[in-house]
$ cat data.csv   # CSV, C-alpha atoms and all ligand atoms
chain,number,residue,atom,x,y,z
J,1193,MET,CA,-20.0,-40.7,-21.6
J,1194,LEU,CA,-23.0,-42.2,-19.7
J,1195,THR,CA,-26.5,-42.4,-21.2
J,1196,ARG,CA,-29.3,-40.7,-19.3
J,1197,ARG,CA,-30.6,-44.1,-18.3
J,1198,GLU,CA,-27.2,-45.2,-17.0
J,1199,TYR,CA,-26.8,-41.9,-15.2
J,1200,LEU,CA,-30.2,-42.2,-13.4
J,1201,ALA,CA,-29.4,-45.8,-12.4
J,1202,LEU,CA,-26.1,-44.7,-11.1
J,1203,THR,CA,-27.4,-41.8,-9.1
J,1204,ALA,CA,-30.3,-43.9,-7.7
J,1205,GLN,CA,-27.6,-46.4,-6.4
J,1206,ALA,CA,-25.4,-43.6,-5.1
J,1207,GLY,CA,-28.3,-41.7,-3.6
J,1208,ALA,CA,-27.1,-38.3,-4.9
J,1209,ALA,CA,-26.2,-36.6,-8.1
J,1210,LEU,CA,-24.4,-33.7,-6.6
J,1211,ALA,CA,-20.8,-35.0,-6.7
J,1212,LEU,CA,-20.8,-35.8,-10.4
J,1213,PRO,CA,-18.7,-33.6,-12.7
J,1214,ALA,CA,-20.3,-31.5,-15.5
J,1215,SER,CA,-19.5,-33.7,-18.4
J,1216,VAL,CA,-21.1,-36.8,-17.1
J,1217,PHE,CA,-24.6,-36.0,-18.2
J,1218,ALA,CA,-25.4,-34.2,-21.5
J,1219,GLN,CA,-28.8,-33.5,-23.1
J,1220,GLY,CA,-28.6,-33.4,-26.9
J,1221,GLY,CA,-24.9,-33.2,-26.6
J,1222,VAL,CA,-25.0,-30.1,-24.4
J,1223,ILE,CA,-23.1,-30.4,-21.1
J,1224,THR,CA,-25.3,-29.8,-18.0
J,1225,ARG,CA,-24.4,-29.0,-14.4
J,1226,PRO,CA,-26.4,-29.7,-11.3
J,1227,ILE,CA,-28.0,-26.9,-9.2
J,1228,PRO,CA,-26.1,-27.5,-6.0
J,1229,LYS,CA,-29.1,-27.4,-3.6
J,1230,THR,CA,-31.3,-29.8,-5.6
J,1231,GLY,CA,-29.2,-31.7,-8.2
J,1232,GLU,CA,-31.6,-30.4,-11.0
J,1233,GLN,CA,-29.5,-30.3,-14.2
J,1234,LEU,CA,-29.2,-27.2,-16.3
J,1235,PRO,CA,-27.4,-26.7,-19.7
J,1236,ILE,CA,-24.2,-24.7,-19.0
J,1237,VAL,CA,-25.0,-22.0,-21.6
J,1238,GLY,CA,-28.2,-20.0,-21.6
J,1239,LEU,CA,-29.4,-16.5,-22.8
J,1240,GLY,CA,-29.1,-13.1,-21.1
J,1241,SER,CA,-31.3,-10.2,-22.0
J,1242,SER,CA,-29.7,-6.8,-21.4
J,1243,ALA,CA,-27.5,-5.1,-24.1
J,1244,THR,CA,-28.5,-6.0,-27.7
J,1245,PHE,CA,-31.4,-8.3,-26.6
J,1246,SER,CA,-33.0,-5.4,-24.8
J,1247,GLN,CA,-32.6,-3.2,-27.8
J,1248,ILE,CA,-34.6,-5.6,-30.1
J,1249,ALA,CA,-37.1,-6.0,-27.2
J,1250,GLY,CA,-37.4,-2.2,-27.0
J,1251,ALA,CA,-38.2,-2.2,-30.7
J,1252,ALA,CA,-41.0,-4.7,-29.9
J,1253,ASP,CA,-39.4,-7.2,-32.3
J,1254,VAL,CA,-41.4,-10.2,-30.9
J,1255,GLU,CA,-40.5,-12.3,-34.0
J,1256,GLY,CA,-36.8,-11.5,-33.5
J,1257,ILE,CA,-37.0,-12.5,-29.8
J,1258,ARG,CA,-38.9,-15.7,-30.6
J,1259,SER,CA,-36.3,-16.7,-33.1
J,1260,VAL,CA,-33.5,-16.4,-30.5
J,1261,PHE,CA,-35.6,-18.5,-28.0
J,1262,SER,CA,-36.2,-21.1,-30.7
J,1263,ALA,CA,-32.5,-21.2,-31.5
J,1264,MET,CA,-31.8,-21.8,-27.8
J,1265,LEU,CA,-34.4,-24.4,-27.1
J,1266,ASP,CA,-33.8,-26.3,-30.4
J,1267,ASN,CA,-30.1,-26.6,-29.6
J,1268,GLY,CA,-30.3,-27.8,-26.0
J,1269,GLY,CA,-30.4,-24.6,-24.0
J,1270,THR,CA,-33.1,-23.7,-21.4
J,1271,VAL,CA,-31.9,-20.9,-19.1
J,1272,PHE,CA,-33.1,-17.3,-19.7
J,1273,ASP,CA,-31.9,-14.5,-17.5
J,1274,THR,CA,-33.9,-11.3,-17.5
J,1275,ALA,CA,-35.0,-8.4,-15.2
J,1276,PRO,CA,-37.8,-5.8,-14.9
J,1277,GLY,CA,-34.9,-3.3,-15.1
J,1278,TYR,CA,-33.9,-4.4,-18.7
J,1279,GLY,CA,-36.3,-2.1,-20.5
J,1280,ALA,CA,-38.8,-4.1,-22.4
J,1281,SER,CA,-36.9,-7.4,-22.2
J,1282,GLU,CA,-38.9,-9.3,-19.7
J,1283,GLU,CA,-42.2,-8.2,-21.1
J,1284,VAL,CA,-41.5,-8.8,-24.8
J,1285,ALA,CA,-39.6,-12.1,-24.0
J,1286,ALA,CA,-42.7,-13.3,-22.1
J,1287,ARG,CA,-45.0,-12.4,-25.0
J,1288,ALA,CA,-42.7,-14.2,-27.5
J,1289,VAL,CA,-42.5,-17.5,-25.5
J,1290,ASN,CA,-46.2,-17.4,-24.8
J,1291,GLU,CA,-47.3,-16.8,-28.4
J,1292,ALA,CA,-44.9,-19.5,-29.6
J,1293,GLY,CA,-46.0,-22.1,-26.9
J,1294,LEU,CA,-42.4,-22.2,-25.6
J,1295,ARG,CA,-43.1,-20.9,-22.1
J,1296,ASP,CA,-42.9,-24.1,-20.2
J,1297,ARG,CA,-39.6,-25.2,-21.8
J,1298,VAL,CA,-37.7,-22.2,-20.4
J,1299,PHE,CA,-35.9,-22.0,-17.1
J,1300,TRP,CA,-37.1,-18.5,-16.3
J,1301,ALA,CA,-34.7,-16.4,-14.2
J,1302,THR,CA,-35.8,-12.8,-13.4
J,1303,LYS,CA,-34.9,-10.2,-10.8
J,1304,LEU,CA,-36.4,-7.9,-8.2
J,1305,ASN,CA,-35.4,-4.3,-7.5
J,1306,VAL,CA,-37.5,-1.4,-6.7
J,1307,ALA,CA,-34.8,0.4,-4.6
J,1308,GLY,CA,-33.2,3.4,-6.1
J,1309,ARG,CA,-29.4,3.5,-6.0
J,1310,GLY,CA,-28.5,3.3,-2.3
J,1311,ALA,CA,-32.1,3.9,-1.3
J,1312,SER,CA,-34.6,1.7,0.4
J,1313,ALA,CA,-37.3,-0.4,-1.3
J,1314,ASP,CA,-41.0,0.0,-0.6
J,1315,PRO,CA,-42.2,-3.6,0.3
J,1316,ALA,CA,-45.6,-3.1,-1.4
J,1317,ARG,CA,-43.9,-2.0,-4.7
J,1318,ALA,CA,-41.5,-4.9,-4.4
J,1319,ARG,CA,-44.4,-7.4,-4.1
J,1320,GLU,CA,-46.2,-5.7,-7.0
J,1321,GLN,CA,-43.1,-6.0,-9.2
J,1322,VAL,CA,-42.9,-9.8,-8.6
J,1323,GLU,CA,-46.6,-10.1,-9.3
J,1324,THR,CA,-46.1,-8.2,-12.6
J,1325,SER,CA,-43.3,-10.7,-13.6
J,1326,PHE,CA,-45.9,-13.5,-12.9
J,1327,LYS,CA,-48.6,-11.8,-15.0
J,1328,ARG,CA,-46.2,-11.3,-17.9
J,1329,LEU,CA,-45.1,-14.9,-17.9
J,1330,GLY,CA,-48.5,-16.4,-17.1
J,1331,ARG,CA,-47.0,-19.3,-15.1
J,1332,ASP,CA,-47.9,-20.4,-11.6
J,1333,LYS,CA,-44.2,-20.8,-10.8
J,1334,ILE,CA,-41.1,-18.8,-11.7
J,1335,ASP,CA,-37.8,-20.8,-11.6
J,1336,LEU,CA,-35.5,-18.2,-10.1
J,1337,ILE,CA,-35.8,-14.6,-8.8
J,1338,GLN,CA,-32.8,-12.8,-7.6
J,1339,VAL,CA,-32.5,-9.4,-5.9
J,1340,HIS,CA,-30.8,-7.2,-8.6
J,1341,ASN,CA,-27.4,-5.7,-7.6
J,1342,VAL,CA,-27.8,-6.6,-3.8
J,1343,ALA,CA,-30.1,-3.6,-3.5
J,1344,ASP,CA,-31.8,-3.2,-0.1
J,1345,MET,CA,-31.5,-6.9,0.7
J,1346,ALA,CA,-33.0,-6.4,4.2
J,1347,THR,CA,-36.4,-5.5,2.6
J,1348,GLN,CA,-36.3,-7.3,-0.7
J,1349,PHE,CA,-34.7,-10.7,0.1
J,1350,PRO,CA,-37.3,-11.7,2.8
J,1351,ILE,CA,-40.0,-11.0,0.2
J,1352,LEU,CA,-38.4,-13.5,-2.1
J,1353,GLU,CA,-38.2,-16.0,0.8
J,1354,GLU,CA,-42.0,-15.5,1.2
J,1355,PHE,CA,-42.6,-16.3,-2.4
J,1356,LYS,CA,-40.4,-19.4,-2.2
J,1357,GLN,CA,-42.1,-20.6,1.0
J,1358,ALA,CA,-45.5,-20.2,-0.8
J,1359,GLY,CA,-44.2,-22.5,-3.5
J,1360,ARG,CA,-44.4,-19.8,-6.2
J,1361,VAL,CA,-40.7,-19.3,-6.8
J,1362,ARG,CA,-38.4,-22.4,-6.9
J,1363,TYR,CA,-35.0,-20.7,-6.3
J,1364,ILE,CA,-33.9,-17.3,-4.9
J,1365,GLY,CA,-30.6,-15.3,-4.7
J,1366,THR,CA,-28.9,-12.1,-5.6
J,1367,THR,CA,-26.6,-10.6,-8.2
J,1368,THR,CA,-23.9,-8.0,-8.7
J,1369,THR,CA,-21.4,-7.1,-11.4
J,1370,PHE,CA,-19.8,-4.3,-9.4
J,1371,LYS,CA,-16.5,-5.0,-7.7
J,1372,PRO,CA,-17.3,-2.6,-4.8
J,1373,GLN,CA,-20.3,-4.8,-3.9
J,1374,TYR,CA,-18.3,-8.0,-3.7
J,1375,THR,CA,-17.6,-7.7,0.0
J,1376,ALA,CA,-21.3,-7.2,0.8
J,1377,LEU,CA,-22.1,-10.1,-1.5
J,1378,GLU,CA,-19.6,-12.4,0.3
J,1379,GLN,CA,-21.1,-11.6,3.7
J,1380,LEU,CA,-24.6,-12.3,2.4
J,1381,MET,CA,-23.5,-15.6,0.9
J,1382,ARG,CA,-22.4,-16.6,4.4
J,1383,ASP,CA,-25.6,-15.4,6.1
J,1384,GLU,CA,-28.5,-16.0,3.7
J,1385,PRO,CA,-30.0,-19.2,2.3
J,1386,PHE,CA,-29.2,-18.4,-1.4
J,1387,ASP,CA,-29.8,-21.0,-4.1
J,1388,PHE,CA,-28.0,-18.8,-6.7
J,1389,ILE,CA,-25.9,-15.8,-7.2
J,1390,GLY,CA,-25.2,-14.0,-10.5
J,1391,ILE,CA,-21.7,-12.5,-11.0
J,1392,ASP,CA,-19.5,-11.1,-13.7
J,1393,TYR,CA,-16.7,-13.4,-14.8
J,1394,ALA,CA,-14.7,-13.6,-18.0
J,1395,VAL,CA,-11.2,-14.7,-19.3
J,1396,ASP,CA,-10.0,-11.1,-18.8
J,1397,ASN,CA,-12.0,-10.5,-15.6
J,1398,LEU,CA,-11.1,-13.0,-13.0
J,1399,GLY,CA,-11.9,-11.1,-9.8
J,1400,ALA,CA,-14.7,-13.5,-8.9
J,1401,GLU,CA,-12.2,-16.4,-8.7
J,1402,GLU,CA,-10.6,-14.9,-5.6
J,1403,ARG,CA,-13.3,-15.4,-3.0
J,1404,ILE,CA,-16.8,-15.4,-4.6
J,1405,LEU,CA,-16.6,-18.6,-6.7
J,1406,PRO,CA,-14.8,-20.7,-4.0
J,1407,LEU,CA,-17.4,-19.5,-1.4
J,1408,ALA,CA,-20.2,-20.5,-3.8
J,1409,GLN,CA,-18.7,-24.0,-3.9
J,1410,GLU,CA,-18.3,-24.2,-0.2
J,1411,ARG,CA,-21.9,-23.0,0.5
J,1412,GLY,CA,-23.5,-25.0,-2.2
J,1413,ILE,CA,-24.8,-21.9,-4.1
J,1414,GLY,CA,-25.4,-22.1,-7.9
J,1415,VAL,CA,-23.7,-19.5,-10.1
J,1416,LEU,CA,-25.0,-17.7,-13.1
J,1417,VAL,CA,-22.1,-16.0,-15.0
J,1418,TYR,CA,-22.8,-12.6,-16.4
J,1419,LEU,CA,-20.8,-10.5,-18.9
J,1420,PRO,CA,-18.8,-13.5,-20.3
J,1421,PHE,CA,-17.7,-11.2,-23.2
J,1422,GLY,CA,-17.6,-8.1,-21.0
J,1423,ARG,CA,-20.4,-6.8,-23.2
J,1424,THR,CA,-18.2,-5.5,-26.1
J,1425,ARG,CA,-14.9,-5.4,-24.2
J,1426,LEU,CA,-13.5,-8.8,-25.3
J,1427,TRP,CA,-14.9,-8.3,-28.9
J,1428,ASP,CA,-12.8,-5.2,-29.2
J,1429,ARG,CA,-9.8,-7.0,-27.7
J,1430,VAL,CA,-9.8,-9.8,-30.2
J,1431,GLU,CA,-10.7,-7.8,-33.3
J,1432,GLY,CA,-8.4,-8.7,-36.2
J,1433,HIS,CA,-7.0,-11.7,-34.3
J,1434,ALA,CA,-7.7,-15.3,-35.2
J,1435,VAL,CA,-8.8,-17.9,-32.6
J,1436,PRO,CA,-5.6,-19.8,-31.8
J,1437,GLU,CA,-5.4,-23.2,-33.6
J,1438,TRP,CA,-4.8,-25.1,-30.3
J,1439,ALA,CA,-8.3,-24.0,-29.1
J,1440,ALA,CA,-9.8,-26.4,-31.8
J,1441,GLU,CA,-8.6,-29.3,-29.6
J,1442,LEU,CA,-11.2,-28.0,-27.1
J,1443,GLY,CA,-13.8,-27.7,-29.9
J,1444,ALA,CA,-13.6,-23.9,-29.7
J,1445,THR,CA,-13.4,-22.5,-33.3
J,1446,THR,CA,-15.0,-19.1,-32.7
J,1447,TRP,CA,-14.2,-16.4,-30.1
J,1448,ALA,CA,-17.6,-16.8,-28.5
J,1449,GLN,CA,-16.9,-20.5,-28.0
J,1450,PHE,CA,-13.4,-19.7,-26.6
J,1451,PHE,CA,-14.8,-17.2,-24.1
J,1452,LEU,CA,-17.8,-19.3,-23.0
J,1453,LYS,CA,-15.8,-22.5,-22.6
J,1454,PHE,CA,-13.4,-20.6,-20.4
J,1455,ALA,CA,-16.2,-19.2,-18.2
J,1456,ALA,CA,-18.2,-22.5,-18.0
J,1457,SER,CA,-15.1,-24.5,-17.0
J,1458,HIS,CA,-14.7,-23.0,-13.6
J,1459,PRO,CA,-16.1,-25.8,-11.3
J,1460,ALA,CA,-18.3,-23.3,-9.3
J,1461,VAL,CA,-20.2,-22.2,-12.4
J,1462,THR,CA,-23.7,-23.6,-13.1
J,1463,VAL,CA,-24.7,-21.6,-16.2
J,1464,VAL,CA,-23.2,-18.8,-18.4
J,1465,THR,CA,-25.8,-16.4,-19.8
J,1466,PRO,CA,-24.5,-14.3,-22.7
J,1467,ALA,CA,-27.0,-11.9,-24.2
J,1468,THR,CA,-27.6,-12.1,-28.0
J,1469,SER,CA,-30.1,-10.6,-30.4
J,1470,LYS,CA,-29.2,-13.1,-33.2
J,1471,PRO,CA,-30.2,-16.7,-33.6
J,1472,HIS,CA,-26.9,-17.7,-35.3
J,1473,HIS,CA,-25.0,-16.2,-32.3
J,1474,MET,CA,-27.3,-18.2,-29.9
J,1475,ILE,CA,-26.3,-21.4,-31.8
J,1476,ASP,CA,-22.6,-20.4,-31.8
J,1477,ASN,CA,-22.9,-19.9,-28.0
J,1478,LEU,CA,-24.5,-23.3,-27.4
J,1479,THR,CA,-21.8,-24.9,-29.4
J,1480,ALA,CA,-19.5,-23.9,-26.6
J,1481,ALA,CA,-21.6,-26.2,-24.3
J,1482,LYS,CA,-20.6,-29.2,-26.4
J,1483,GLY,CA,-17.5,-31.4,-26.5
J,1484,ARG,CA,-15.2,-30.8,-23.6
J,1485,LEU,CA,-14.2,-27.9,-21.4
J,1486,PRO,CA,-10.7,-26.8,-20.8
J,1487,ASP,CA,-8.6,-28.3,-17.9
J,1488,GLU,CA,-6.6,-26.1,-15.5
J,1489,ALA,CA,-3.5,-25.9,-17.8
J,1490,GLU,CA,-5.7,-25.0,-20.8
J,1491,ARG,CA,-7.5,-22.4,-18.8
J,1492,ARG,CA,-4.1,-20.8,-17.9
J,1493,ARG,CA,-3.2,-20.8,-21.6
J,1494,MET,CA,-6.4,-19.1,-22.5
J,1495,ILE,CA,-5.9,-16.4,-19.9
J,1496,ASP,CA,-2.3,-15.8,-21.1
J,1497,PHE,CA,-3.3,-15.7,-24.7
J,1498,ILE,CA,-5.9,-12.9,-24.2
J,1499,ALA,CA,-3.6,-11.0,-21.7
J,1500,ALA,CA,-0.9,-10.9,-24.4
J,1501,LEU,CA,-3.1,-9.2,-26.9
J,1502,PRO,CA,-2.8,-5.4,-27.1
J,1503,ALA,CA,-5.5,-3.8,-24.9
J,1601,LIG,N1,-26.3,-7.2,-12.1
J,1601,LIG,C1,-26.9,-8.1,-12.9
J,1601,LIG,O1,-27.8,-8.8,-12.5
J,1601,LIG,C2,-26.4,-8.2,-14.3
J,1601,LIG,C3,-25.5,-7.3,-14.8
J,1601,LIG,C4,-25.1,-7.4,-16.1
J,1601,LIG,C5,-25.5,-8.5,-16.9
J,1601,LIG,N2,-26.4,-9.4,-16.4
J,1601,LIG,C6,-27.0,-10.5,-17.2
J,1601,LIG,O2,-25.9,-11.1,-17.9
J,1601,LIG,C7,-26.2,-11.1,-19.3
J,1601,LIG,C8,-25.0,-11.0,-20.2
J,1601,LIG,O3,-24.4,-9.7,-20.1
J,1601,LIG,P1,-24.4,-8.7,-21.4
J,1601,LIG,O4,-25.5,-9.0,-22.2
J,1601,LIG,O5,-24.4,-7.4,-20.8
J,1601,LIG,O6,-23.0,-8.9,-22.0
J,1601,LIG,P2,-22.3,-10.1,-22.7
J,1601,LIG,O7,-23.1,-11.3,-22.7
J,1601,LIG,O8,-20.9,-10.2,-22.2
J,1601,LIG,O9,-22.2,-9.6,-24.3
J,1601,LIG,C9,-23.3,-9.5,-25.1
J,1601,LIG,C10,-22.7,-9.0,-26.4
J,1601,LIG,O10,-22.0,-10.0,-27.1
J,1601,LIG,C11,-22.6,-10.1,-28.4
J,1601,LIG,N3,-22.6,-11.6,-28.8
J,1601,LIG,C12,-23.4,-12.5,-28.1
J,1601,LIG,N4,-23.1,-13.7,-28.7
J,1601,LIG,C13,-22.2,-13.5,-29.7
J,1601,LIG,C14,-21.5,-14.4,-30.6
J,1601,LIG,N5,-21.7,-15.7,-30.6
J,1601,LIG,N6,-20.7,-13.8,-31.5
J,1601,LIG,C15,-20.5,-12.5,-31.5
J,1601,LIG,N7,-21.0,-11.6,-30.7
J,1601,LIG,C16,-21.9,-12.1,-29.7
J,1601,LIG,C17,-24.0,-9.5,-28.3
J,1601,LIG,O11,-24.4,-9.0,-29.6
J,1601,LIG,P3,-25.4,-9.7,-30.6
J,1601,LIG,O12,-26.7,-9.3,-30.2
J,1601,LIG,O13,-24.9,-9.1,-31.9
J,1601,LIG,O14,-25.1,-11.2,-30.5
J,1601,LIG,C18,-23.7,-8.4,-27.3
J,1601,LIG,O15,-23.2,-7.3,-27.9
J,1601,LIG,C19,-27.2,-9.9,-19.5
J,1601,LIG,O16,-27.8,-9.9,-20.7
J,1601,LIG,C20,-28.0,-10.1,-18.2
J,1601,LIG,O17,-29.0,-11.1,-18.5
J,1601,LIG,C21,-26.9,-9.3,-15.1

$ encode --input "data.csv" --output "structure tokens"
Amino acid sequence: MLTRREYLALTAQAGAALALPASVFAQGGVITRPIPKTGEQLPIVGLGSSATFSQIAGAADVEGIRSVFSAMLDNGGTVFDTAPGYGASEEVAARAVNEAGLRDRVFWATKLNVAGRGASADPARAREQVETSFKRLGRDKIDLIQVHNVADMATQFPILEEFKQAGRVRYIGTTTTFKPQYTALEQLMRDEPFDFIGIDYAVDNLGAEERILPLAQERGIGVLVYLPFGRTRLWDRVEGHAVPEWAAELGATTWAQFFLKFAASHPAVTVVTPATSKPHHMIDNLTAAKGRLPDEAERRRMIDFIAALPA
């Protein structure tokens, strides 16, 4: 593996970082991947904030949230995915990182959506929601804002473009985890200047591989993977089953490491963002970003192993 210094010398000579594979450049032993549009490196495992994270945020457990952030940052992770729609997550997470002085170490990804289901968004309310995200975090710049669930893109995405042009948001995009929205997402990926998309992908949920992930590679769009455990679906599936011994060759000794190494090993994927409310789970998840990732044959074996378990 190259040192950081060797890597920088090499990319200066080559003039570009974009073509280098994931494992070339690791921070603190954590594998990183380049954001396709800029080459900025991100650790391949981060932290999501719906599900259990949002439950502890809802209980205003600032100390609990801070300990999950510390576990992420101390172990080489940086990417945090949140949304105004995740109950108290964005607000309490912002308080936790501010009070602990951790704010500037986090790659902060939030979302925009003021449209009701199938309804249109009021532009004034949309701008106000983005400003609220800024106030909560207290930073001049937010790293990434995505339109949540491709909702009223005609109104909401141009607002994100304005914020990006004003230099206040670094990257913009959209998300979905609903299969009926994939066709609309594909068209948008062809038409709009996305830096990122967020999509569901897991060892037992491979739909994104068909067209979305190849298109992201073709268009140079970064990918955040959501639902890498299918919330609780994969946990239910493997209950009572040991992680296969052959997975230890990959450095995967827990089920979380198995699932995350799988999701992160698709070449289109930039960062996988599982949610957790527990520091020891955060450390477990970041362990998946160390060592090596499965090759094509090993990925096939992982899919087959899970598919063979009783549903
Ligand atoms: N449309 C969208 O934009 C969209 C939709 C869905 C999700 N997302 C994003 O994607 C993130 C991930 O999705 P998710 O949170 O719904 O589901 P997930 O990441 O698939 O699953 C989280 C579940 O796994 C558990 N867990 C986490 N790490 C573990 C470990 N090492 N060992 C055992 N259990 C572990 C968590 O419980 P513990 O707290 O006990 O660890 C929680 O129950 C979300 O938080 C959100 O940021 C975005």

$ residues_around --input "data.csv" --residues "Arg1491 (chain J)" --least-positions-apart "2" --cutoff "12 Å" --atoms "only C-alpha atoms" --output "JSON, numbers by chain"
{"J": [1394, 1395, 1396, 1398, 1439, 1442, 1450, 1451, 1452, 1453, 1454, 1455, 1456, 1457, 1458, 1459, 1485, 1486, 1487, 1488, 1489, 1493, 1494, 1495, 1496, 1497, 1498]}

$ write_last_selection --input "data.csv" --atoms "C-alpha atoms" --output "mmCIF file, in the frame of the given file"
data_model
loop_
_atom_site.group_PDB
_atom_site.id
_atom_site.type_symbol
_atom_site.label_atom_id
_atom_site.label_comp_id
_atom_site.auth_asym_id
_atom_site.auth_seq_id
_atom_site.Cartn_x
_atom_site.Cartn_y
_atom_site.Cartn_z
ATOM 1 C CA ALA J 1394 -14.700 -13.600 -18.000
ATOM 2 C CA VAL J 1395 -11.200 -14.700 -19.300
ATOM 3 C CA ASP J 1396 -10.000 -11.100 -18.800
ATOM 4 C CA LEU J 1398 -11.100 -13.000 -13.000
ATOM 5 C CA ALA J 1439 -8.300 -24.000 -29.100
ATOM 6 C CA LEU J 1442 -11.200 -28.000 -27.100
ATOM 7 C CA PHE J 1450 -13.400 -19.700 -26.600
ATOM 8 C CA PHE J 1451 -14.800 -17.200 -24.100
ATOM 9 C CA LEU J 1452 -17.800 -19.300 -23.000
ATOM 10 C CA LYS J 1453 -15.800 -22.500 -22.600
ATOM 11 C CA PHE J 1454 -13.400 -20.600 -20.400
ATOM 12 C CA ALA J 1455 -16.200 -19.200 -18.200
ATOM 13 C CA ALA J 1456 -18.200 -22.500 -18.000
ATOM 14 C CA SER J 1457 -15.100 -24.500 -17.000
ATOM 15 C CA HIS J 1458 -14.700 -23.000 -13.600
ATOM 16 C CA PRO J 1459 -16.100 -25.800 -11.300
ATOM 17 C CA LEU J 1485 -14.200 -27.900 -21.400
ATOM 18 C CA PRO J 1486 -10.700 -26.800 -20.800
ATOM 19 C CA ASP J 1487 -8.600 -28.300 -17.900
ATOM 20 C CA GLU J 1488 -6.600 -26.100 -15.500
ATOM 21 C CA ALA J 1489 -3.500 -25.900 -17.800
ATOM 22 C CA ARG J 1493 -3.200 -20.800 -21.600
ATOM 23 C CA MET J 1494 -6.400 -19.100 -22.500
ATOM 24 C CA ILE J 1495 -5.900 -16.400 -19.900
ATOM 25 C CA ASP J 1496 -2.300 -15.800 -21.100
ATOM 26 C CA PHE J 1497 -3.300 -15.700 -24.700
ATOM 27 C CA ILE J 1498 -5.900 -12.900 -24.200
#

$ closest_atom_pairs --input "data.csv" --of "chain J" --to "ligand LIG 1601 (chain J)" --cutoff "7 Å" --atoms "only C-alpha atoms and all ligand atoms" --output "CSV"
residue,atom,partner,partner_atom,distance
J:Leu1239,CA,J:LIG1601,O17,6.9
J:Gly1240,CA,J:LIG1601,O17,3.3
J:Ser1241,CA,J:LIG1601,O16,3.7
J:Ser1242,CA,J:LIG1601,O16,3.7
J:Ala1243,CA,J:LIG1601,O4,4.8
J:Thr1244,CA,J:LIG1601,O12,4.5
J:Phe1245,CA,J:LIG1601,O12,6.0
J:Asp1273,CA,J:LIG1601,O17,4.6
J:Thr1274,CA,J:LIG1601,O17,5.0
J:His1340,CA,J:LIG1601,O1,5.2
J:Asn1341,CA,J:LIG1601,N1,4.9
J:Thr1367,CA,J:LIG1601,O1,4.8
J:Thr1368,CA,J:LIG1601,N1,4.2
J:Thr1369,CA,J:LIG1601,N1,5.0
J:Gly1390,CA,J:LIG1601,O1,6.1
J:Val1417,CA,J:LIG1601,O2,6.8
J:Tyr1418,CA,J:LIG1601,O2,3.8
J:Leu1419,CA,J:LIG1601,O8,3.3
J:Pro1420,CA,J:LIG1601,O8,4.3
J:Phe1421,CA,J:LIG1601,O8,3.5
J:Gly1422,CA,J:LIG1601,O8,4.1
J:Arg1423,CA,J:LIG1601,O9,3.5
J:Thr1424,CA,J:LIG1601,O15,5.6
J:Ala1448,CA,J:LIG1601,N5,4.7
J:Thr1465,CA,J:LIG1601,C7,5.3
J:Pro1466,CA,J:LIG1601,O7,3.3
J:Ala1467,CA,J:LIG1601,O4,3.8
J:Thr1468,CA,J:LIG1601,O14,3.6
J:Ser1469,CA,J:LIG1601,O12,3.6
J:Lys1470,CA,J:LIG1601,O14,5.3
J:His1473,CA,J:LIG1601,N5,3.7
J:Met1474,CA,J:LIG1601,N5,6.2
J:Asp1476,CA,J:LIG1601,N5,4.9
J:Asn1477,CA,J:LIG1601,N5,5.1

$ atom_distance --input "data.csv" --atom1 "CA of Ile1227 (chain J)" --atom2 "CA of Asp1392 (chain J)"
18.5 Å

$ closest_atom_pairs --input "data.csv" --of "region 1380-1493 of chain J" --to "region 1231-1234 of chain J" --cutoff "12 Å" --atoms "only C-alpha atoms" --output "CSV"
residue,atom,partner,partner_atom,distance
J:Asp1387,CA,J:Gly1231,CA,11.5
J:Gly1412,CA,J:Gly1231,CA,10.6
J:Ile1413,CA,J:Gly1231,CA,11.5
J:Gly1414,CA,J:Gly1231,CA,10.3
J:Val1415,CA,J:Leu1234,CA,11.3
J:Leu1416,CA,J:Leu1234,CA,10.9
J:Val1461,CA,J:Leu1234,CA,11.0
J:Thr1462,CA,J:Leu1234,CA,7.3
J:Val1463,CA,J:Leu1234,CA,7.2
J:Val1464,CA,J:Leu1234,CA,10.5
J:Thr1465,CA,J:Leu1234,CA,11.9
J:Ala1481,CA,J:Leu1234,CA,11.1

$ residues_around --input "data.csv" --residues "Trp1300 (chain J)" --least-positions-apart "2" --cutoff "8 Å" --atoms "all atoms listed in the file" --output "list in words"
Val1271, Phe1272, Asp1273, Thr1274, Val1298, Thr1302, Ile1334, Asp1335 and Leu1336 of chain J

$ residues_around --input "data.csv" --residues "region 1315-1325 of chain J" --least-positions-apart "4" --cutoff "12 Å" --atoms "all atoms listed in the file" --output "MDAnalysis selection string"
chainID J and resid 1274:1277 1280:1287 1300:1308 1329:1340 1343:1356 1360:1361

$ residues_near_point --input "data.csv" --point "(-11.3, -3.3, -11.4)" --cutoff "10 Å" --atoms "all atoms listed in the file" --output "list in words"
Phe1370, Lys1371, Pro1372, Asn1397, Leu1398 and Gly1399 of chain J

$ closest_residue --input "data.csv" --among "J:Pro1226, J:Gly1432, J:Gly1483, J:Gly1238" --to "Thr1270 (chain J)" --atoms "all atoms listed in the file"
J:Gly1238

$ atom_distance --input "data.csv" --atom1 "CA of Gln1409 (chain J)" --atom2 "CA of Ala1376 (chain J)"
17.6 Å

$ atom_distance --input "data.csv" --atom1 "CA of Ala1440 (chain J)" --atom2 "CA of Ala1503 (chain J)"
24.0 Å
